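The next block holds one structure in the form of structure tokens; read it before the comments.
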Amino acid sequence: MAFAGADVSAMAWFSLRLRLEPPQDHQPSDLGHSLALYFLAFGALLLVAVLLDDLAARVRVPGILMVLILGLLVDNHLNVASDAADALPPLLSLVHADQITQAALVLVLFFGGLTTNWAAMRSVIPSALRLATFGALFTALLITLAMLGFGVAEGSAGWVVLFPQALFVGAMLSSTDASATFALLRPLAGRLPKPVLDLIETESGFNDPVAVVLAGVAMALAGGEGVAPAALVTEVLRQFLLGILLGFLGGSLTTQVLGSRRSLNTNSMLPVVSLALLMVLAGGTTLMGGSALLAAYVAGLVLGNGSSTDQLVLEEAHASYAKMAELLLFLCMGLVVSPEDVVRAAGGAFLLFLLMQVVRWLIVHSLLLRSSFSVGQRMFVCCAGLRGAVPIALAIQVWASSSVSWGKTMPPLALAVVLFGLLFQGFALVPIANRLGLASPVEAPLSAP
């Protein structure tokens with residue numbers, strides 16, 4: 001109750017200050033109304049997104065799809081003023097969208113590392129590591145080469161100019177999203193081989209950092225005009241190596257703190273302490289010049305495989321944080337991207353989607369050729385490489401970067417590719433699993449004697 005009273009007092013003081021301070025650029029009532037409109041708009045959108053995600057689970061549709069469509073349908077401009085001079089700014093600016101998506105991606109990657117249990121998934125880790133590292137690298141490389149070929153053939157520019165953009169597209173699309181895949185596989189819950197599901201989940205957790213690293217290299221190349229190559233390479237390596245180091249140290253320190261103070265390792269305190277330490281780690285890593293995204297993932301990996309914390313409480317709490325982060329991320333993408341831009345990018349996105357299927361088939365069969373997975377299981381893994389949160393966050397990040405001239409074209413492209421994957425590839429997963437004979441028969445209920 002003390003916390004609630006403090007919040008009410010703070011809000012009352014803020015309202016009183018708005019009334020007593022002399023007007024500057026806006027009238028106090030205008031500021032109060034603007035703030036109220038933002039609270040109302042974002043609260044309502046988040047509530048509708050939660051309800052749509054719950055509805056999607058009932059009708060066996062990925063929540064990502066419905067939340068993205070919600071964001072696209074909502075007008076980003078609150079045209080509530082009669083005079084154009086008094087019109088409010090957009091509901092969500094590009095700068096704010098980038099900040100929200102980066103914070104959301106920190107939570108998503110931390111949760112991905114947190115739920116990667118080395119002991120439980122030991123049998124699939126070698127195969128998952130091959131797919132997440134070599135597979136992601138080869139995916140990015142092949143898509144980069146295809147993009148360069150298309151660009152050079154059109155004569156739009158030379159390959160030196162096109163290379164950063166092509167590399168970014170390849171990096172952006174090298175990450176897979178297991179949560180979207182599992183949402184579409186709910187009708188087959190408990191009927192698919194566990195090693196296959198573990199492989200899909202582990203690959204998705206491991207390839208996110210690879211995509212982040214490659215996208216960072218592409219952005220550094222695009223914005224590094226006039227910078228010596230040696231300095232550029234050094235900066236990129238420093239950023240990501242520092243992120244890995246600080247993530248390991250932060251995760252180890254968090255494990256020690258939570259293990260030594262049992263009072264913090266309770267249901268009420270553990271989620272708060274872990275979130276606070278994650279915020280400190282992400283902010284400190286960024287200020288020191290490291291990658292906060294890599295630091296978050298490595299810290300989650302260390303903390304999730306420690307033995308001094310209540311893993312069940314930790315995972316349940318951060319599952320809620322990650323779900324809220326994903327909903328906000330998809331809402332941001334839908335709000336800042338115009339539906340007309342998505343339609344214009346649909347043609348190129350569909351070609352990329354088809355190219356991704358061919359590349360995925362080649363890579364999965366090549367890297368899992370000598371594994372214990374059967375041909376049918378490998379075929380299913382080929383079809384399960386859906387895209388989701390990471391490509392969307394990276395696309396918004398490069399759009400917000402003032403040093404990248406082609407950044408504006410990335411969010412519509414990423415959004416269209418994600419939508420194509422959900423519509424064409426995603427809804428075919430259950431029929432494909434049945435056709436390949438991977439789904440075990442439904443057990444008949446026992447009849448009463």
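In the structure tokens, chains take letters A, B, ... by order of appearance, with residues numbered from 1 within each chain and ligands from 1 in the order shown.
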Excluding region 357-363 of chain A and residues on its chain fewer than 3 positions from it, collect all residues at most 12 Å away from it, counting only C-alpha atoms, and give them as a PyMOL selection string. chain A and resi 127+130-146+170+173-176+350-354+366-369+375+378-387+417+420-421+424-425
DSSP on the backbone: what in region 167-224 of chain A comes out helix (DSSP H, G or I), as a short mmCIF file (atom, residue, chain, number, x, y, z; two decimals) with C-alpha atoms, in the first residue's frame?
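Saved file out_28.cif follows:
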```cif
data_model
loop_
_atom_site.label_atom_id
_atom_site.label_comp_id
_atom_site.auth_asym_id
_atom_site.auth_seq_id
_atom_site.Cartn_x
_atom_site.Cartn_y
_atom_site.Cartn_z
CA LEU A 167 24.42 -8.10 -45.86
CA PHE A 168 21.89 -6.47 -43.56
CA VAL A 169 18.98 -8.19 -45.34
CA GLY A 170 20.78 -11.52 -45.07
CA ALA A 171 21.54 -10.96 -41.38
CA MET A 172 18.01 -9.77 -40.64
CA ALA A 178 10.53 -20.75 -32.16
CA SER A 179 7.61 -19.09 -30.33
CA ALA A 180 5.77 -18.45 -33.60
CA THR A 181 6.38 -22.06 -34.66
CA PHE A 182 5.15 -23.51 -31.38
CA ALA A 183 2.04 -21.31 -31.47
CA LEU A 184 1.07 -22.89 -34.78
CA ARG A 186 -0.61 -26.25 -30.59
CA PRO A 187 -3.01 -28.73 -32.28
CA LEU A 188 -0.21 -31.33 -32.11
CA LYS A 194 10.66 -34.06 -28.36
CA PRO A 195 14.16 -33.97 -29.95
CA VAL A 196 12.73 -32.18 -32.99
CA LEU A 197 11.02 -29.55 -30.83
CA ASP A 198 14.15 -29.14 -28.69
CA LEU A 199 16.22 -28.64 -31.84
CA ILE A 200 13.88 -25.93 -33.16
CA GLU A 201 13.84 -24.11 -29.80
CA THR A 202 17.59 -24.32 -29.20
CA GLU A 203 18.45 -23.20 -32.73
CA SER A 204 16.16 -20.20 -32.36
CA GLY A 205 17.83 -19.17 -29.10
CA PHE A 206 21.36 -19.51 -30.47
CA ASN A 207 20.92 -17.84 -33.87
CA ASP A 208 19.51 -14.57 -32.53
CA PRO A 209 22.94 -13.29 -31.38
CA VAL A 210 24.47 -14.32 -34.72
CA ALA A 211 21.88 -12.21 -36.55
CA VAL A 212 22.54 -9.27 -34.22
CA VAL A 213 26.30 -9.45 -34.81
CA LEU A 214 25.96 -9.64 -38.61
CA ALA A 215 23.43 -6.81 -38.68
CA GLY A 216 25.78 -4.68 -36.57
CA VAL A 217 28.60 -5.30 -39.04
CA ALA A 218 26.35 -4.30 -41.94
CA MET A 219 25.27 -1.09 -40.20
CA ALA A 220 28.89 -0.26 -39.35
CA LEU A 221 29.86 -0.74 -43.00
CA ALA A 222 26.94 1.38 -44.18
#
```
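Distance annotation: of A:Val50, A:Leu55, A:Leu72, A:Ala322, the residue with the minimal separation from Ala103 (chain A) is A:Ala322; atom set is only C-alpha atoms.
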Pick the closest to Leu114 (chain A) from A:Ala128, A:Leu394, A:Ala319, A:Leu355: which is it, counting only C-alpha atoms?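 Ranked by minimum distance to Leu114 (chain A), first place goes to A:Ala319.
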Just to confirm, what's the straight-line distance from CA of Met356 (chain A) to CA of Thr409 (chain A) in Å (one decimal)?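 Computing the Euclidean distance for CA of Met356 (chain A) and CA of Thr409 (chain A) yields 18.9 Å.
Of the residues listed (A:Leu246, A:Ile125, A:Ala104, A:Leu52), A:Leu246 shows the shortest atom-to-atom separation from Leu287 (chain A); distances use only C-alpha atoms.
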Please, what distance in Å, to one decimal, runs between CA of His96 (chain A) and CA of Gly250 (chain A)?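 Interatomic distance here is 27.0 Å.
The closest residue to Val95 (chain A), picked from A:Leu429, A:Ala400, A:Leu277, A:Leu415 and counting only C-alpha atoms, is A:Ala400.
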